[in-house]
Amino acid sequence: MITVTQYVGPHKRSEDWTIARQINAQKLLAACLLLENDAIADGVEFHDNPATKSGVSGKTFGGFRPQACPQGAPNSNHKEGLAVDRYDPENKIDDWCMANLDKLEARGIWIEHPDATHGWSHWQSVPPKSGKRVYRP
């Protein structure tokens with residue numbers, strides 16, 4: 001489970017961490033928790049990232065990203081509190097997601113294709129422009 005505090009990480013004092021983005025993050029993380037519980041019930045293990053000490057991937061930008069962050073476009077899903085990169089060093093989370101697209105749909109989660117996310121699994125609570133449950137950025 002990723003908490004809001006873990007999601008925002010070192011950016012909790014950012015002027016970009018607005019109430020609207022906090023609400024987005026709470027909704028995202030609630031949906032992620034439901035999907036994570038589905039995966040755990042199927043035997044998937046979720047590990048903490050040594051760099052973030054949570055399920056958030058990367059060093060500082062796998063969860064919320066301030067607008068000035070060099071990763072991602074302005075108003076990207078990470079910068080709006082609508083996406084998180086899950087730590088997935090062996091790609092087992094992505095493997096489970098690809099085999100359980102019906103569960104992603106039930107929980108309102110879309111993912112980037114695992115070919116583009118080696119070592120993490122990108123989850124977001126809004127559809128991409130293509131509308132596809134699994135998409136290539």
# chains A, B, ... in the order shown; residues from 1 in each chain; ligands from 1
$ residues_around --residues "segment 78-95 of chain A" --least-positions-apart "4" --cutoff "7 Å" --atoms "only C-alpha atoms" --output "list in words"
Arg21, Gln22, Asn24, Ala25, Leu28, Val44, His47, Asp48, Asn49, Gly55, Val56, Ser57, Gly62, Gly63, Phe64, Arg65, Pro66, Gln67, Ala99, Pro114, His118, Gly119, Trp120, Ser121, His122, Trp123, Gln124, Ser125 and Val126 of chain A
$ atom_distance --atom1 "atom CA of Lys103 of chain A" --atom2 "atom CA of Val134 of chain A"
12.6 Å
$ residues_around --residues "Leu33 of chain A" --least-positions-apart "2" --cutoff "12 Å" --atoms "only C-alpha atoms" --output "PyMOL selection string"
chain A and resi 1-4+25-31+35-40+46+55+84+86+104+107-109+123
$ select_by_dssp --residues "chain A" --states "strand (DSSP E)" --output "list in words"
Ala83, Val84, Asp85, Arg86, Tyr87, Asp88, Trp110, Ile111, Glu112, Gly119, Trp120, Ser121, His122, Trp123, Gln124, Val134 and Tyr135 of chain A
$ write_last_selection --atoms "N, CA and C atoms" --output "mmCIF file, in the first residue's frame"
data_model
loop_
_atom_site.group_PDB
_atom_site.id
_atom_site.type_symbol
_atom_site.label_atom_id
_atom_site.label_comp_id
_atom_site.auth_asym_id
_atom_site.auth_seq_id
_atom_site.Cartn_x
_atom_site.Cartn_y
_atom_site.Cartn_z
ATOM 1 N N ALA A 83 -1.221 9.548 -11.458
ATOM 2 C CA ALA A 83 -0.412 8.395 -11.859
ATOM 3 C C ALA A 83 0.681 8.131 -10.843
ATOM 4 N N VAL A 84 1.052 6.854 -10.759
ATOM 5 C CA VAL A 84 2.140 6.439 -9.883
ATOM 6 C C VAL A 84 2.912 5.320 -10.577
ATOM 7 N N ASP A 85 4.220 5.312 -10.370
ATOM 8 C CA ASP A 85 5.061 4.214 -10.844
ATOM 9 C C ASP A 85 5.326 3.294 -9.662
ATOM 10 N N ARG A 86 4.853 2.050 -9.792
ATOM 11 C CA ARG A 86 5.011 1.046 -8.745
ATOM 12 C C ARG A 86 6.362 0.364 -8.903
ATOM 13 N N TYR A 87 7.070 0.182 -7.812
ATOM 14 C CA TYR A 87 8.354 -0.512 -7.827
ATOM 15 C C TYR A 87 8.094 -1.966 -8.232
ATOM 16 N N ASP A 88 8.737 -2.407 -9.304
ATOM 17 C CA ASP A 88 8.500 -3.737 -9.875
ATOM 18 C C ASP A 88 9.794 -4.265 -10.489
ATOM 19 N N TRP A 110 -5.357 2.178 -15.625
ATOM 20 C CA TRP A 110 -4.732 1.984 -16.936
ATOM 21 C C TRP A 110 -3.230 1.895 -16.707
ATOM 22 N N ILE A 111 -2.530 1.137 -17.553
ATOM 23 C CA ILE A 111 -1.078 0.989 -17.392
ATOM 24 C C ILE A 111 -0.352 1.257 -18.702
ATOM 25 N N GLU A 112 0.897 1.700 -18.558
ATOM 26 C CA GLU A 112 1.782 1.755 -19.717
ATOM 27 C C GLU A 112 2.202 0.331 -20.032
ATOM 28 N N GLY A 119 11.339 -2.481 -14.661
ATOM 29 C CA GLY A 119 11.677 -2.200 -13.266
ATOM 30 C C GLY A 119 10.601 -1.425 -12.518
ATOM 31 N N TRP A 120 9.558 -1.024 -13.216
ATOM 32 C CA TRP A 120 8.432 -0.369 -12.553
ATOM 33 C C TRP A 120 7.166 -0.667 -13.349
ATOM 34 N N SER A 121 6.031 -0.418 -12.718
ATOM 35 C CA SER A 121 4.738 -0.581 -13.361
ATOM 36 C C SER A 121 3.987 0.734 -13.217
ATOM 37 N N HIS A 122 3.672 1.367 -14.333
ATOM 38 C CA HIS A 122 2.986 2.666 -14.325
ATOM 39 C C HIS A 122 1.483 2.447 -14.237
ATOM 40 N N TRP A 123 0.859 2.987 -13.172
ATOM 41 C CA TRP A 123 -0.589 2.892 -12.977
ATOM 42 C C TRP A 123 -1.163 4.293 -12.995
ATOM 43 N N GLN A 124 -2.292 4.472 -13.676
ATOM 44 C CA GLN A 124 -2.949 5.780 -13.675
ATOM 45 C C GLN A 124 -4.451 5.596 -13.591
ATOM 46 N N VAL A 134 -4.060 -0.783 -21.798
ATOM 47 C CA VAL A 134 -2.598 -0.873 -21.827
ATOM 48 C C VAL A 134 -2.148 -0.059 -23.035
ATOM 49 N N TYR A 135 -1.289 0.898 -22.818
ATOM 50 C CA TYR A 135 -0.900 1.784 -23.911
ATOM 51 C C TYR A 135 0.600 1.995 -23.939
#
$ closest_residue --among "A:Ala51, A:Cys69, A:Arg133, A:Glu15" --to "Asp102 of chain A" --atoms "only C-alpha atoms"
A:Arg133
$ atom_distance --atom1 "atom CA of Ala73 of chain A" --atom2 "atom CA of Arg13 of chain A"
20.7 Å
$ closest_residue --among "A:Ala116, A:Pro137, A:Thr60, A:Lys132" --to "Lys12 of chain A" --atoms "only C-alpha atoms"
A:Thr60
$ select_by_dssp --residues "segment 13-118 of chain A" --states "helix (DSSP H, G or I)" --output "JSON, numbers by chain"
{"A": [19, 20, 21, 22, 23, 24, 25, 26, 27, 28, 29, 30, 31, 32, 33, 34, 35, 36, 37, 38, 39, 40, 41, 78, 79, 80, 92, 93, 94, 95, 96, 97, 98, 99, 101, 102, 103, 104, 105, 106, 107, 114, 115, 116]}
$ write_last_selection --atoms "N, CA and C atoms" --output "CSV table (one decimal), in the first residue's frame"
chain,number,residue,atom,x,y,z
A,19,ILE,N,-4.8,21.3,-3.3
A,19,ILE,CA,-5.9,20.5,-2.7
A,19,ILE,C,-6.5,19.6,-3.8
A,20,ALA,N,-6.6,20.1,-5.0
A,20,ALA,CA,-7.2,19.3,-6.1
A,20,ALA,C,-6.3,18.1,-6.5
A,21,ARG,N,-5.0,18.4,-6.5
A,21,ARG,CA,-4.1,17.3,-6.8
A,21,ARG,C,-4.0,16.3,-5.6
A,22,GLN,N,-4.2,16.7,-4.4
A,22,GLN,CA,-4.2,15.8,-3.2
A,22,GLN,C,-5.4,14.9,-3.3
A,23,ILE,N,-6.6,15.5,-3.7
A,23,ILE,CA,-7.8,14.7,-3.9
A,23,ILE,C,-7.6,13.7,-5.0
A,24,ASN,N,-7.0,14.1,-6.1
A,24,ASN,CA,-6.7,13.2,-7.2
A,24,ASN,C,-5.9,12.0,-6.7
A,25,ALA,N,-4.8,12.3,-5.9
A,25,ALA,CA,-3.9,11.3,-5.4
A,25,ALA,C,-4.6,10.4,-4.5
A,26,GLN,N,-5.5,10.9,-3.6
A,26,GLN,CA,-6.3,10.0,-2.7
A,26,GLN,C,-7.1,9.0,-3.5
A,27,LYS,N,-7.8,9.5,-4.5
A,27,LYS,CA,-8.6,8.6,-5.4
A,27,LYS,C,-7.8,7.6,-6.1
A,28,LEU,N,-6.6,8.0,-6.7
A,28,LEU,CA,-5.7,7.1,-7.4
A,28,LEU,C,-5.3,6.0,-6.4
A,29,LEU,N,-4.8,6.4,-5.2
A,29,LEU,CA,-4.2,5.5,-4.3
A,29,LEU,C,-5.3,4.5,-3.8
A,30,ALA,N,-6.5,5.0,-3.6
A,30,ALA,CA,-7.6,4.1,-3.2
A,30,ALA,C,-7.8,3.0,-4.3
A,31,ALA,N,-7.8,3.4,-5.5
A,31,ALA,CA,-8.0,2.4,-6.6
A,31,ALA,C,-6.8,1.5,-6.7
A,32,CYS,N,-5.6,2.0,-6.5
A,32,CYS,CA,-4.4,1.2,-6.5
A,32,CYS,C,-4.4,0.2,-5.4
A,33,LEU,N,-4.9,0.5,-4.2
A,33,LEU,CA,-4.9,-0.4,-3.1
A,33,LEU,C,-5.9,-1.6,-3.4
A,34,LEU,N,-7.0,-1.3,-4.0
A,34,LEU,CA,-7.9,-2.4,-4.4
A,34,LEU,C,-7.3,-3.3,-5.4
A,35,LEU,N,-6.6,-2.7,-6.4
A,35,LEU,CA,-5.9,-3.6,-7.4
A,35,LEU,C,-4.8,-4.3,-6.8
A,36,GLU,N,-4.0,-3.7,-5.9
A,36,GLU,CA,-2.9,-4.4,-5.2
A,36,GLU,C,-3.5,-5.5,-4.4
A,37,ASN,N,-4.6,-5.4,-3.7
A,37,ASN,CA,-5.2,-6.5,-3.0
A,37,ASN,C,-5.6,-7.6,-3.9
A,38,ASP,N,-6.1,-7.3,-5.1
A,38,ASP,CA,-6.5,-8.3,-6.0
A,38,ASP,C,-5.2,-9.1,-6.4
A,39,ALA,N,-4.1,-8.4,-6.7
A,39,ALA,CA,-2.9,-9.1,-7.1
A,39,ALA,C,-2.3,-9.9,-5.9
A,40,ILE,N,-2.3,-9.4,-4.7
A,40,ILE,CA,-1.8,-10.1,-3.5
A,40,ILE,C,-2.6,-11.4,-3.4
A,41,ALA,N,-3.9,-11.4,-3.6
A,41,ALA,CA,-4.8,-12.6,-3.4
A,41,ALA,C,-4.4,-13.6,-4.4
A,78,HIS,N,1.3,12.3,-13.7
A,78,HIS,CA,2.1,12.4,-12.4
A,78,HIS,C,2.0,13.8,-11.8
A,79,LYS,N,2.0,14.8,-12.6
A,79,LYS,CA,2.0,16.2,-12.1
A,79,LYS,C,0.6,16.6,-11.7
A,80,GLU,N,-0.4,15.8,-12.0
A,80,GLU,CA,-1.8,16.1,-11.6
A,80,GLU,C,-2.3,15.2,-10.5
A,92,LYS,N,7.1,-8.6,-12.2
A,92,LYS,CA,6.0,-9.5,-11.8
A,92,LYS,C,4.7,-8.8,-11.7
A,93,ILE,N,4.7,-7.6,-11.2
A,93,ILE,CA,3.4,-6.8,-11.2
A,93,ILE,C,2.9,-6.6,-12.6
A,94,ASP,N,3.7,-6.2,-13.5
A,94,ASP,CA,3.3,-6.0,-14.9
A,94,ASP,C,2.8,-7.3,-15.5
A,95,ASP,N,3.5,-8.4,-15.2
A,95,ASP,CA,3.0,-9.6,-15.8
A,95,ASP,C,1.6,-10.0,-15.3
A,96,TRP,N,1.4,-9.7,-14.0
A,96,TRP,CA,0.0,-10.0,-13.4
A,96,TRP,C,-1.0,-9.1,-14.1
A,97,CYS,N,-0.6,-7.8,-14.2
A,97,CYS,CA,-1.6,-6.8,-14.8
A,97,CYS,C,-2.0,-7.3,-16.2
A,98,MET,N,-1.0,-7.7,-17.0
A,98,MET,CA,-1.3,-8.1,-18.4
A,98,MET,C,-2.2,-9.3,-18.4
A,99,ALA,N,-2.1,-10.2,-17.4
A,99,ALA,CA,-3.0,-11.4,-17.4
A,99,ALA,C,-4.3,-11.1,-16.8
A,101,LEU,N,-6.4,-8.0,-17.1
A,101,LEU,CA,-6.9,-6.7,-17.6
A,101,LEU,C,-8.3,-6.4,-17.1
A,102,ASP,N,-9.1,-7.5,-16.9
A,102,ASP,CA,-10.5,-7.3,-16.4
A,102,ASP,C,-10.5,-6.7,-15.0
A,103,LYS,N,-9.5,-7.0,-14.2
A,103,LYS,CA,-9.4,-6.5,-12.8
A,103,LYS,C,-8.9,-5.0,-12.9
A,104,LEU,N,-8.0,-4.7,-13.8
A,104,LEU,CA,-7.6,-3.3,-14.0
A,104,LEU,C,-8.9,-2.5,-14.4
A,105,GLU,N,-9.7,-3.0,-15.3
A,105,GLU,CA,-10.9,-2.3,-15.7
A,105,GLU,C,-11.8,-2.1,-14.5
A,106,ALA,N,-12.0,-3.2,-13.7
A,106,ALA,CA,-12.9,-3.1,-12.6
A,106,ALA,C,-12.5,-2.0,-11.5
A,107,ARG,N,-11.2,-1.8,-11.5
A,107,ARG,CA,-10.6,-0.9,-10.5
A,107,ARG,C,-10.3,0.5,-11.1
A,114,PRO,N,4.2,-2.9,-20.5
A,114,PRO,CA,5.5,-3.3,-19.8
A,114,PRO,C,6.7,-3.2,-20.6
A,115,ASP,N,6.6,-3.2,-21.9
A,115,ASP,CA,7.8,-3.0,-22.7
A,115,ASP,C,8.5,-1.6,-22.4
A,116,ALA,N,7.7,-0.7,-22.0
A,116,ALA,CA,8.2,0.7,-21.7
A,116,ALA,C,8.5,0.9,-20.2
$ decode --residues "chain A" --atoms "C-alpha atoms" --output "PDB file, in the first residue's frame"
ATOM      1  CA  MET A   1       0.000   0.000   0.000  1.00  0.00           C
ATOM      2  CA  ILE A   2       1.279   3.430  -0.913  1.00  0.00           C
ATOM      3  CA  THR A   3       0.212   6.248   1.387  1.00  0.00           C
ATOM      4  CA  VAL A   4      -0.377   9.836   0.280  1.00  0.00           C
ATOM      5  CA  THR A   5       2.742  10.838   2.243  1.00  0.00           C
ATOM      6  CA  GLN A   6       4.826   8.263   0.366  1.00  0.00           C
ATOM      7  CA  TYR A   7       3.258   9.303  -2.937  1.00  0.00           C
ATOM      8  CA  VAL A   8       4.103  13.006  -2.579  1.00  0.00           C
ATOM      9  CA  GLY A   9       7.549  12.152  -1.163  1.00  0.00           C
ATOM     10  CA  PRO A  10       9.907  15.109  -0.907  1.00  0.00           C
ATOM     11  CA  HIS A  11       7.465  17.411  -2.691  1.00  0.00           C
ATOM     12  CA  LYS A  12       4.896  17.894   0.099  1.00  0.00           C
ATOM     13  CA  ARG A  13       5.790  21.571   0.470  1.00  0.00           C
ATOM     14  CA  SER A  14       5.582  22.262  -3.263  1.00  0.00           C
ATOM     15  CA  GLU A  15       3.117  24.961  -4.269  1.00  0.00           C
ATOM     16  CA  ASP A  16       2.043  22.489  -6.967  1.00  0.00           C
ATOM     17  CA  TRP A  17       0.747  20.040  -4.322  1.00  0.00           C
ATOM     18  CA  THR A  18      -2.689  21.673  -4.392  1.00  0.00           C
ATOM     19  CA  ILE A  19      -5.880  20.464  -2.739  1.00  0.00           C
ATOM     20  CA  ALA A  20      -7.197  19.322  -6.132  1.00  0.00           C
ATOM     21  CA  ARG A  21      -4.064  17.259  -6.763  1.00  0.00           C
ATOM     22  CA  GLN A  22      -4.201  15.838  -3.242  1.00  0.00           C
ATOM     23  CA  ILE A  23      -7.779  14.707  -3.882  1.00  0.00           C
ATOM     24  CA  ASN A  24      -6.695  13.174  -7.214  1.00  0.00           C
ATOM     25  CA  ALA A  25      -3.907  11.310  -5.410  1.00  0.00           C
ATOM     26  CA  GLN A  26      -6.262  10.008  -2.714  1.00  0.00           C
ATOM     27  CA  LYS A  27      -8.620   8.610  -5.376  1.00  0.00           C
ATOM     28  CA  LEU A  28      -5.720   7.141  -7.359  1.00  0.00           C
ATOM     29  CA  LEU A  29      -4.204   5.451  -4.318  1.00  0.00           C
ATOM     30  CA  ALA A  30      -7.567   4.052  -3.207  1.00  0.00           C
ATOM     31  CA  ALA A  31      -7.993   2.402  -6.623  1.00  0.00           C
ATOM     32  CA  CYS A  32      -4.376   1.195  -6.510  1.00  0.00           C
ATOM     33  CA  LEU A  33      -4.944  -0.390  -3.103  1.00  0.00           C
ATOM     34  CA  LEU A  34      -7.928  -2.355  -4.404  1.00  0.00           C
ATOM     35  CA  LEU A  35      -5.931  -3.575  -7.403  1.00  0.00           C
ATOM     36  CA  GLU A  36      -2.926  -4.363  -5.218  1.00  0.00           C
ATOM     37  CA  ASN A  37      -5.167  -6.459  -2.954  1.00  0.00           C
ATOM     38  CA  ASP A  38      -6.462  -8.342  -6.021  1.00  0.00           C
ATOM     39  CA  ALA A  39      -2.885  -9.099  -7.062  1.00  0.00           C
ATOM     40  CA  ILE A  40      -1.838 -10.128  -3.538  1.00  0.00           C
ATOM     41  CA  ALA A  41      -4.785 -12.550  -3.433  1.00  0.00           C
ATOM     42  CA  ASP A  42      -3.298 -14.126  -6.565  1.00  0.00           C
ATOM     43  CA  GLY A  43       0.130 -14.462  -4.922  1.00  0.00           C
ATOM     44  CA  VAL A  44       1.883 -11.342  -6.230  1.00  0.00           C
ATOM     45  CA  GLU A  45       4.355  -9.816  -3.795  1.00  0.00           C
ATOM     46  CA  PHE A  46       4.839  -6.063  -3.602  1.00  0.00           C
ATOM     47  CA  HIS A  47       8.257  -4.916  -2.435  1.00  0.00           C
ATOM     48  CA  ASP A  48       9.469  -1.585  -1.154  1.00  0.00           C
ATOM     49  CA  ASN A  49      11.900   0.406  -3.254  1.00  0.00           C
ATOM     50  CA  PRO A  50      15.123   0.886  -1.245  1.00  0.00           C
ATOM     51  CA  ALA A  51      15.409   4.466  -2.567  1.00  0.00           C
ATOM     52  CA  THR A  52      11.909   5.616  -1.505  1.00  0.00           C
ATOM     53  CA  LYS A  53      11.324   3.065   1.277  1.00  0.00           C
ATOM     54  CA  SER A  54       7.853   2.522  -0.194  1.00  0.00           C
ATOM     55  CA  GLY A  55       6.182   0.969  -3.222  1.00  0.00           C
ATOM     56  CA  VAL A  56       6.923   4.111  -5.253  1.00  0.00           C
ATOM     57  CA  SER A  57       9.542   3.531  -7.955  1.00  0.00           C
ATOM     58  CA  GLY A  58      12.457   5.798  -8.827  1.00  0.00           C
ATOM     59  CA  LYS A  59      14.379   8.069  -6.487  1.00  0.00           C
ATOM     60  CA  THR A  60      12.141  11.139  -6.259  1.00  0.00           C
ATOM     61  CA  PHE A  61       9.771  11.279  -9.231  1.00  0.00           C
ATOM     62  CA  GLY A  62       7.835   7.963  -9.273  1.00  0.00           C
ATOM     63  CA  GLY A  63       4.855   9.476  -7.502  1.00  0.00           C
ATOM     64  CA  PHE A  64       3.831  13.112  -7.539  1.00  0.00           C
ATOM     65  CA  ARG A  65       5.931  15.400  -9.721  1.00  0.00           C
ATOM     66  CA  PRO A  66       5.979  19.191  -9.354  1.00  0.00           C
ATOM     67  CA  GLN A  67       5.367  21.142 -12.560  1.00  0.00           C
ATOM     68  CA  ALA A  68       9.068  22.080 -12.774  1.00  0.00           C
ATOM     69  CA  CYS A  69      10.125  18.424 -12.696  1.00  0.00           C
ATOM     70  CA  PRO A  70      12.278  17.582 -15.722  1.00  0.00           C
ATOM     71  CA  GLN A  71      10.455  14.256 -16.141  1.00  0.00           C
ATOM     72  CA  GLY A  72       7.120  14.369 -17.924  1.00  0.00           C
ATOM     73  CA  ALA A  73       5.207  17.040 -19.760  1.00  0.00           C
ATOM     74  CA  PRO A  74       3.498  19.968 -18.033  1.00  0.00           C
ATOM     75  CA  ASN A  75       0.259  18.800 -16.432  1.00  0.00           C
ATOM     76  CA  SER A  76       1.157  15.137 -17.001  1.00  0.00           C
ATOM     77  CA  ASN A  77      -0.752  12.575 -14.963  1.00  0.00           C
ATOM     78  CA  HIS A  78       2.072  12.382 -12.403  1.00  0.00           C
ATOM     79  CA  LYS A  79       1.986  16.178 -12.097  1.00  0.00           C
ATOM     80  CA  GLU A  80      -1.785  16.126 -11.561  1.00  0.00           C
ATOM     81  CA  GLY A  81      -1.791  13.377  -8.919  1.00  0.00           C
ATOM     82  CA  LEU A  82      -3.307  10.863 -11.350  1.00  0.00           C
ATOM     83  CA  ALA A  83      -0.412   8.395 -11.859  1.00  0.00           C
ATOM     84  CA  VAL A  84       2.140   6.439  -9.883  1.00  0.00           C
ATOM     85  CA  ASP A  85       5.061   4.214 -10.844  1.00  0.00           C
ATOM     86  CA  ARG A  86       5.011   1.046  -8.745  1.00  0.00           C
ATOM     87  CA  TYR A  87       8.354  -0.512  -7.827  1.00  0.00           C
ATOM     88  CA  ASP A  88       8.500  -3.737  -9.875  1.00  0.00           C
ATOM     89  CA  PRO A  89      12.141  -4.857 -10.187  1.00  0.00           C
ATOM     90  CA  GLU A  90      11.289  -8.282 -11.623  1.00  0.00           C
ATOM     91  CA  ASN A  91       8.286  -7.106 -13.686  1.00  0.00           C
ATOM     92  CA  LYS A  92       6.010  -9.528 -11.831  1.00  0.00           C
ATOM     93  CA  ILE A  93       3.424  -6.832 -11.161  1.00  0.00           C
ATOM     94  CA  ASP A  94       3.296  -5.956 -14.858  1.00  0.00           C
ATOM     95  CA  ASP A  95       3.043  -9.644 -15.755  1.00  0.00           C
ATOM     96  CA  TRP A  96       0.046 -10.016 -13.434  1.00  0.00           C
ATOM     97  CA  CYS A  97      -1.562  -6.846 -14.796  1.00  0.00           C
ATOM     98  CA  MET A  98      -1.273  -8.071 -18.386  1.00  0.00           C
ATOM     99  CA  ALA A  99      -2.952 -11.355 -17.407  1.00  0.00           C
ATOM    100  CA  ASN A 100      -5.726  -9.575 -15.472  1.00  0.00           C
ATOM    101  CA  LEU A 101      -6.922  -6.680 -17.605  1.00  0.00           C
ATOM    102  CA  ASP A 102     -10.474  -7.284 -16.392  1.00  0.00           C
ATOM    103  CA  LYS A 103      -9.354  -6.499 -12.844  1.00  0.00           C
ATOM    104  CA  LEU A 104      -7.638  -3.297 -13.991  1.00  0.00           C
ATOM    105  CA  GLU A 105     -10.867  -2.291 -15.697  1.00  0.00           C
ATOM    106  CA  ALA A 106     -12.920  -3.087 -12.567  1.00  0.00           C
ATOM    107  CA  ARG A 107     -10.610  -0.881 -10.468  1.00  0.00           C
ATOM    108  CA  GLY A 108     -10.342   1.962 -12.987  1.00  0.00           C
ATOM    109  CA  ILE A 109      -6.605   1.613 -13.620  1.00  0.00           C
ATOM    110  CA  TRP A 110      -4.732   1.984 -16.936  1.00  0.00           C
ATOM    111  CA  ILE A 111      -1.078   0.989 -17.392  1.00  0.00           C
ATOM    112  CA  GLU A 112       1.782   1.755 -19.717  1.00  0.00           C
ATOM    113  CA  HIS A 113       2.862  -1.280 -21.702  1.00  0.00           C
ATOM    114  CA  PRO A 114       5.454  -3.319 -19.781  1.00  0.00           C
ATOM    115  CA  ASP A 115       7.847  -2.989 -22.721  1.00  0.00           C
ATOM    116  CA  ALA A 116       8.236   0.680 -21.702  1.00  0.00           C
ATOM    117  CA  THR A 117       8.449   0.159 -17.933  1.00  0.00           C
ATOM    118  CA  HIS A 118      11.361  -2.116 -17.048  1.00  0.00           C
ATOM    119  CA  GLY A 119      11.677  -2.200 -13.266  1.00  0.00           C
ATOM    120  CA  TRP A 120       8.432  -0.369 -12.553  1.00  0.00           C
ATOM    121  CA  SER A 121       4.738  -0.581 -13.361  1.00  0.00           C
ATOM    122  CA  HIS A 122       2.986   2.666 -14.325  1.00  0.00           C
ATOM    123  CA  TRP A 123      -0.589   2.892 -12.977  1.00  0.00           C
ATOM    124  CA  GLN A 124      -2.949   5.780 -13.675  1.00  0.00           C
ATOM    125  CA  SER A 125      -6.552   6.549 -12.804  1.00  0.00           C
ATOM    126  CA  VAL A 126      -7.524   8.217 -16.078  1.00  0.00           C
ATOM    127  CA  PRO A 127      -7.527   6.762 -19.585  1.00  0.00           C
ATOM    128  CA  PRO A 128      -4.814   7.724 -22.058  1.00  0.00           C
ATOM    129  CA  LYS A 129      -5.772   9.523 -25.271  1.00  0.00           C
ATOM    130  CA  SER A 130      -6.005   6.138 -27.014  1.00  0.00           C
ATOM    131  CA  GLY A 131      -8.483   4.874 -24.415  1.00  0.00           C
ATOM    132  CA  LYS A 132      -6.631   1.552 -24.315  1.00  0.00           C
ATOM    133  CA  ARG A 133      -6.257  -0.181 -20.942  1.00  0.00           C
ATOM    134  CA  VAL A 134      -2.598  -0.873 -21.827  1.00  0.00           C
ATOM    135  CA  TYR A 135      -0.900   1.784 -23.911  1.00  0.00           C
ATOM    136  CA  ARG A 136       2.482   2.778 -25.225  1.00  0.00           C
ATOM    137  CA  PRO A 137       3.580   6.315 -24.312  1.00  0.00           C
TER     138      PRO A 137
END
